[in-house]
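To keep things clear, I will list the structure first and then write my remarks on it.
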Amino acid sequence: MDAWGVNDLEVIARPTFRQQTVHAFPGHGLCSSPRLSRLQNLKLGGCVIPHLLHEYHALTRLVLQDVAESPPAAYEGVFASCPQLQVVHLNSCLCGGRDMVMVVDAPSSQIREFVVDKCEIGSIWLRDLPNLERLASLGTHLFFESAAFPCLRQWSLARRHGVSLDGFRQHFRQHLELDLFLEDTPDITDLIIRFTGPDRWIVPSISPSVLVPNLRRLLVADVPSSWDVSWPRLLFETAPSLESFHIHIASCMEEPTPSEEIPWCPTKFRQHRLKEFVMAGFEATERQIYLVKFVMAVCTALRHVSMFKNGHARDKGHWEWEMVTQQHSWTEEEKDDTLKQIMGTASSTAAPVQLVLG
């Protein structure tokens, strides 16, 4: 590295059958003169976090994958002592057990993109990442303070709530309020939400208010067909600038935790930005039809409404997606009955809506 002026480096340590230990770097780190290194992109897998990462002044992108169990301080030091980093990904990393808390407090950080994906960490507490623009928290409990990332624009959030053990449920929380996730992120423009597990019921906040006034694109994925879908409607009402709303209804192998049905009260609310609404996994159930009718009734700029029985949301990276659908052969009677229930609810001020049933 010193002699060749390496810019990009990937080190993946794979234990052999006879030696199941992880790789540890020498005391001086990756090279003899880290301050003179040109290293910009570094990916490490199956090893421990090397020393002196903060001395690699050119390093802007760091990916840690399958990193051996390390104390929270080892990870915290990466954020606090490497202000030049702009991209950090933690994939399937270990951090001292499920009871440990990793605190990210880096007011001088230049990190713009942070991904934490299926890491065995008790929880991550974000206190200060002032330049963060893109966040993906997938399968890891993440908490943050109100002013932790004022520049956040794109967020992909996937969490499982509640566990089932030998047929018995252990409950962590009876309800999840929208405020827990959105009240401190008013400037996000793109949001992907995936909630799974038996305790995934969403209720409105006690004091409803506009939580995400700048949100433009929303995907709510992996919604069980047996789950009350009124909460996407409540979320929709908190995003007056929403232009594209996609929802994927997935079949569910588990019975959801019993919960009181959220009432759907008539509303005078009107949304003047939404142009596209897509639902995959459409079964023409009463609740699904009601959601489509609600969208058509309140959205004055709506142009395209698509409902597909067969389909799912496929990720394109962490913050992009596409709806993958297959045409279903509805009978003429099914199609006429479904369209008849929906078509009469379009907003009186809206232009003609292109309605697709596939």
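Scheme for the structure tokens: letters A, B, ... for chains in order shown; per-chain residue numbers from 1; ligand numbers from 1 in order shown.
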List the spatial neighbours of segment 61-74 of chain A as a ChimeraX atom specification - criterion: any atom at most 8 Å away, only C-alpha atoms, same-chain residues fewer than 4 positions off excluded. /A:22,40-49,78,85-96,100-103
Generate a file of the selected residues that holds N, CA, C and O atoms, formatted as an mmCIF file, in the first residue's frame.
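Saved file again.cif follows:
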data_model
loop_
_atom_site.group_PDB
_atom_site.id
_atom_site.type_symbol
_atom_site.label_atom_id
_atom_site.label_comp_id
_atom_site.auth_asym_id
_atom_site.auth_seq_id
_atom_site.Cartn_x
_atom_site.Cartn_y
_atom_site.Cartn_z
ATOM 1 N N VAL A 22 -10.473 -15.062 13.752
ATOM 2 C CA VAL A 22 -10.634 -13.940 12.840
ATOM 3 C C VAL A 22 -9.290 -13.246 12.663
ATOM 4 O O VAL A 22 -8.376 -13.397 13.473
ATOM 5 N N GLN A 40 -8.782 5.611 -0.190
ATOM 6 C CA GLN A 40 -10.050 6.335 -0.138
ATOM 7 C C GLN A 40 -11.237 5.433 0.188
ATOM 8 O O GLN A 40 -12.152 5.854 0.901
ATOM 9 N N ASN A 41 -11.221 4.215 -0.344
ATOM 10 C CA ASN A 41 -12.326 3.281 -0.146
ATOM 11 C C ASN A 41 -11.798 2.004 0.509
ATOM 12 O O ASN A 41 -10.884 1.375 -0.022
ATOM 13 N N LEU A 42 -12.397 1.619 1.629
ATOM 14 C CA LEU A 42 -11.918 0.458 2.369
ATOM 15 C C LEU A 42 -13.098 -0.421 2.757
ATOM 16 O O LEU A 42 -14.078 0.051 3.329
ATOM 17 N N LYS A 43 -12.982 -1.723 2.437
ATOM 18 C CA LYS A 43 -13.971 -2.707 2.866
ATOM 19 C C LYS A 43 -13.257 -3.815 3.622
ATOM 20 O O LYS A 43 -12.314 -4.418 3.116
ATOM 21 N N LEU A 44 -13.720 -4.087 4.829
ATOM 22 C CA LEU A 44 -13.119 -5.113 5.684
ATOM 23 C C LEU A 44 -14.180 -6.128 6.066
ATOM 24 O O LEU A 44 -15.292 -5.762 6.471
ATOM 25 N N GLY A 45 -13.847 -7.411 5.958
ATOM 26 C CA GLY A 45 -14.785 -8.458 6.312
ATOM 27 C C GLY A 45 -14.107 -9.575 7.073
ATOM 28 O O GLY A 45 -12.970 -9.945 6.781
ATOM 29 N N GLY A 46 -14.795 -10.126 8.090
ATOM 30 C CA GLY A 46 -14.265 -11.258 8.840
ATOM 31 C C GLY A 46 -13.024 -10.937 9.647
ATOM 32 O O GLY A 46 -12.155 -11.795 9.820
ATOM 33 N N CYS A 47 -12.931 -9.718 10.147
ATOM 34 C CA CYS A 47 -11.733 -9.328 10.899
ATOM 35 C C CYS A 47 -12.148 -8.394 12.028
ATOM 36 O O CYS A 47 -13.328 -8.124 12.235
ATOM 37 N N VAL A 48 -11.157 -7.927 12.766
ATOM 38 C CA VAL A 48 -11.426 -6.927 13.795
ATOM 39 C C VAL A 48 -11.145 -5.549 13.215
ATOM 40 O O VAL A 48 -10.439 -5.414 12.211
ATOM 41 N N ILE A 49 -11.698 -4.530 13.832
ATOM 42 C CA ILE A 49 -11.482 -3.169 13.355
ATOM 43 C C ILE A 49 -10.023 -2.791 13.597
ATOM 44 O O ILE A 49 -9.530 -2.855 14.725
ATOM 45 N N VAL A 78 -14.590 5.083 15.336
ATOM 46 C CA VAL A 78 -14.575 5.312 13.886
ATOM 47 C C VAL A 78 -15.311 6.602 13.548
ATOM 48 O O VAL A 78 -14.849 7.413 12.739
ATOM 49 N N LEU A 85 -14.640 10.815 6.880
ATOM 50 C CA LEU A 85 -15.497 9.789 6.294
ATOM 51 C C LEU A 85 -16.814 10.398 5.797
ATOM 52 O O LEU A 85 -17.415 11.230 6.473
ATOM 53 N N GLN A 86 -17.252 9.950 4.626
ATOM 54 C CA GLN A 86 -18.518 10.414 4.070
ATOM 55 C C GLN A 86 -19.542 9.285 3.942
ATOM 56 O O GLN A 86 -20.744 9.546 3.919
ATOM 57 N N VAL A 87 -19.071 8.044 3.849
ATOM 58 C CA VAL A 87 -19.950 6.890 3.711
ATOM 59 C C VAL A 87 -19.495 5.814 4.688
ATOM 60 O O VAL A 87 -18.321 5.435 4.692
ATOM 61 N N VAL A 88 -20.421 5.295 5.501
ATOM 62 C CA VAL A 88 -20.129 4.207 6.434
ATOM 63 C C VAL A 88 -21.249 3.181 6.347
ATOM 64 O O VAL A 88 -22.430 3.520 6.491
ATOM 65 N N HIS A 89 -20.859 1.914 6.089
ATOM 66 C CA HIS A 89 -21.805 0.805 6.073
ATOM 67 C C HIS A 89 -21.371 -0.226 7.112
ATOM 68 O O HIS A 89 -20.198 -0.627 7.142
ATOM 69 N N LEU A 90 -22.295 -0.668 7.950
ATOM 70 C CA LEU A 90 -22.070 -1.753 8.898
ATOM 71 C C LEU A 90 -23.016 -2.887 8.522
ATOM 72 O O LEU A 90 -24.243 -2.754 8.654
ATOM 73 N N ASN A 91 -22.453 -4.001 8.047
ATOM 74 C CA ASN A 91 -23.263 -5.124 7.570
ATOM 75 C C ASN A 91 -22.967 -6.374 8.400
ATOM 76 O O ASN A 91 -21.838 -6.856 8.420
ATOM 77 N N SER A 92 -23.979 -6.881 9.097
ATOM 78 C CA SER A 92 -23.864 -8.133 9.871
ATOM 79 C C SER A 92 -22.675 -8.100 10.828
ATOM 80 O O SER A 92 -21.927 -9.070 10.939
ATOM 81 N N CYS A 93 -22.511 -7.006 11.515
ATOM 82 C CA CYS A 93 -21.401 -6.867 12.466
ATOM 83 C C CYS A 93 -21.857 -7.215 13.883
ATOM 84 O O CYS A 93 -23.043 -7.142 14.210
ATOM 85 N N LEU A 94 -20.896 -7.576 14.727
ATOM 86 C CA LEU A 94 -21.162 -7.909 16.126
ATOM 87 C C LEU A 94 -20.622 -6.805 17.014
ATOM 88 O O LEU A 94 -19.556 -6.247 16.755
ATOM 89 N N CYS A 95 -21.370 -6.536 18.096
ATOM 90 C CA CYS A 95 -20.951 -5.453 18.981
ATOM 91 C C CYS A 95 -21.293 -5.781 20.422
ATOM 92 O O CYS A 95 -22.247 -5.258 20.986
ATOM 93 N N GLY A 96 -20.536 -6.694 21.008
ATOM 94 C CA GLY A 96 -20.582 -6.904 22.446
ATOM 95 C C GLY A 96 -21.878 -7.420 23.023
ATOM 96 O O GLY A 96 -22.117 -7.283 24.218
ATOM 97 N N MET A 100 -25.812 -4.276 24.661
ATOM 98 C CA MET A 100 -24.892 -3.149 24.514
ATOM 99 C C MET A 100 -25.541 -2.021 23.710
ATOM 100 O O MET A 100 -26.385 -2.252 22.843
ATOM 101 N N VAL A 101 -25.131 -0.799 24.006
ATOM 102 C CA VAL A 101 -25.607 0.390 23.299
ATOM 103 C C VAL A 101 -24.422 1.094 22.654
ATOM 104 O O VAL A 101 -23.429 1.388 23.326
ATOM 105 N N MET A 102 -24.519 1.341 21.365
ATOM 106 C CA MET A 102 -23.469 2.062 20.650
ATOM 107 C C MET A 102 -23.944 3.501 20.437
ATOM 108 O O MET A 102 -25.020 3.734 19.875
ATOM 109 N N VAL A 103 -23.176 4.447 20.894
ATOM 110 C CA VAL A 103 -23.543 5.863 20.814
ATOM 111 C C VAL A 103 -22.718 6.535 19.719
ATOM 112 O O VAL A 103 -21.485 6.461 19.723
#
Residues near Leu339 of chain A, cut-off 12 Å, only C-alpha atoms, skip fewer than 2 positions along chain, as a list of chain:residue names: A:Ala284, A:Ile289, A:Val292, A:Lys293, A:Val305, A:Ser306, A:Met307, A:Trp330, A:Glu332, A:Glu333, A:Glu334, A:Lys335, A:Asp336, A:Asp337, A:Gln341, A:Ile342, A:Met343, A:Gly344, A:Thr345, A:Ala346, A:Gln354, A:Leu355, A:Val356, A:Leu357, A:Gly358
Name the closest residue to Phe149 of chain A among the candidates A:Ile121, A:Leu274, A:Ile111, A:Leu242; distances are taken between atoms, counting only C-alpha atoms.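 Of A:Ile121, A:Leu274, A:Ile111, A:Leu242, the one nearest Phe149 of chain A, counting only C-alpha atoms, is A:Ile111.
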Who sits within 8 Å of Phe25 of chain A, only C-alpha atoms, same chain under 5 positions skipped, as number ranges by chain: A: 30, 48, 50-51
Output file for the selection above: all heavy atoms, as a compact mmCIF listing (two decimals), in the first residue's frame:
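So the final result, stored in selection01.txt, reads:
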# COMPACT_ATOMS: atom_id res chain seq x y z
N LEU A 30 -3.04 -0.92 8.85
CA LEU A 30 -3.01 -1.50 7.51
C LEU A 30 -1.70 -1.28 6.79
O LEU A 30 -1.34 -2.04 5.89
CB LEU A 30 -4.15 -0.91 6.67
CG LEU A 30 -5.57 -1.17 7.17
CD1 LEU A 30 -6.57 -0.37 6.34
CD2 LEU A 30 -5.90 -2.65 7.09
N VAL A 48 -11.16 -7.93 12.77
CA VAL A 48 -11.43 -6.93 13.79
C VAL A 48 -11.14 -5.55 13.22
O VAL A 48 -10.44 -5.41 12.21
CB VAL A 48 -10.56 -7.17 15.05
CG1 VAL A 48 -10.88 -8.51 15.67
CG2 VAL A 48 -9.07 -7.08 14.70
N PRO A 50 -9.29 -2.40 12.56
CA PRO A 50 -7.86 -2.09 12.73
C PRO A 50 -7.64 -0.80 13.50
O PRO A 50 -8.53 0.06 13.57
CB PRO A 50 -7.36 -1.98 11.29
CG PRO A 50 -8.56 -1.58 10.50
CD PRO A 50 -9.73 -2.25 11.16
N HIS A 51 -6.44 -0.68 14.05
CA HIS A 51 -6.07 0.54 14.77
C HIS A 51 -5.74 1.67 13.78
O HIS A 51 -5.49 1.44 12.60
CB HIS A 51 -4.85 0.28 15.67
CG HIS A 51 -5.10 -0.77 16.71
ND1 HIS A 51 -5.91 -0.56 17.79
CD2 HIS A 51 -4.63 -2.05 16.80
CE1 HIS A 51 -5.94 -1.65 18.52
NE2 HIS A 51 -5.17 -2.58 17.96
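Near Phe143 of chain A, within 7 Å and counting only C-alpha atoms, sit Ile124, Trp125 and Leu126 of chain A; same-chain residues fewer than 4 positions away were not included.
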For C-alpha atoms, I'd like the residues from the last selection saved as a short mmCIF file (atom, residue, chain, number, x, y, z; two decimals), in the first residue's frame.
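Ended up saving to result_0.cif:
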data_model
loop_
_atom_site.label_atom_id
_atom_site.label_comp_id
_atom_site.auth_asym_id
_atom_site.auth_seq_id
_atom_site.Cartn_x
_atom_site.Cartn_y
_atom_site.Cartn_z
CA ILE A 124 -27.62 2.34 18.26
CA TRP A 125 -28.16 5.81 19.66
CA LEU A 126 -27.55 8.62 17.15
#
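You can rank A:Asn7, A:Ser123, A:Ser109, A:Thr300 by their closest distance to Leu59 of chain A using only C-alpha atoms, and at the top of that list sits A:Asn7.
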Nearest to Arg303 of chain A among A:Ala280, A:Met323, A:Asp315, A:Arg273, with distances taken over only C-alpha atoms: which residue is it?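 Of A:Ala280, A:Met323, A:Asp315, A:Arg273, the one nearest Arg303 of chain A is A:Arg273, counting only C-alpha atoms.
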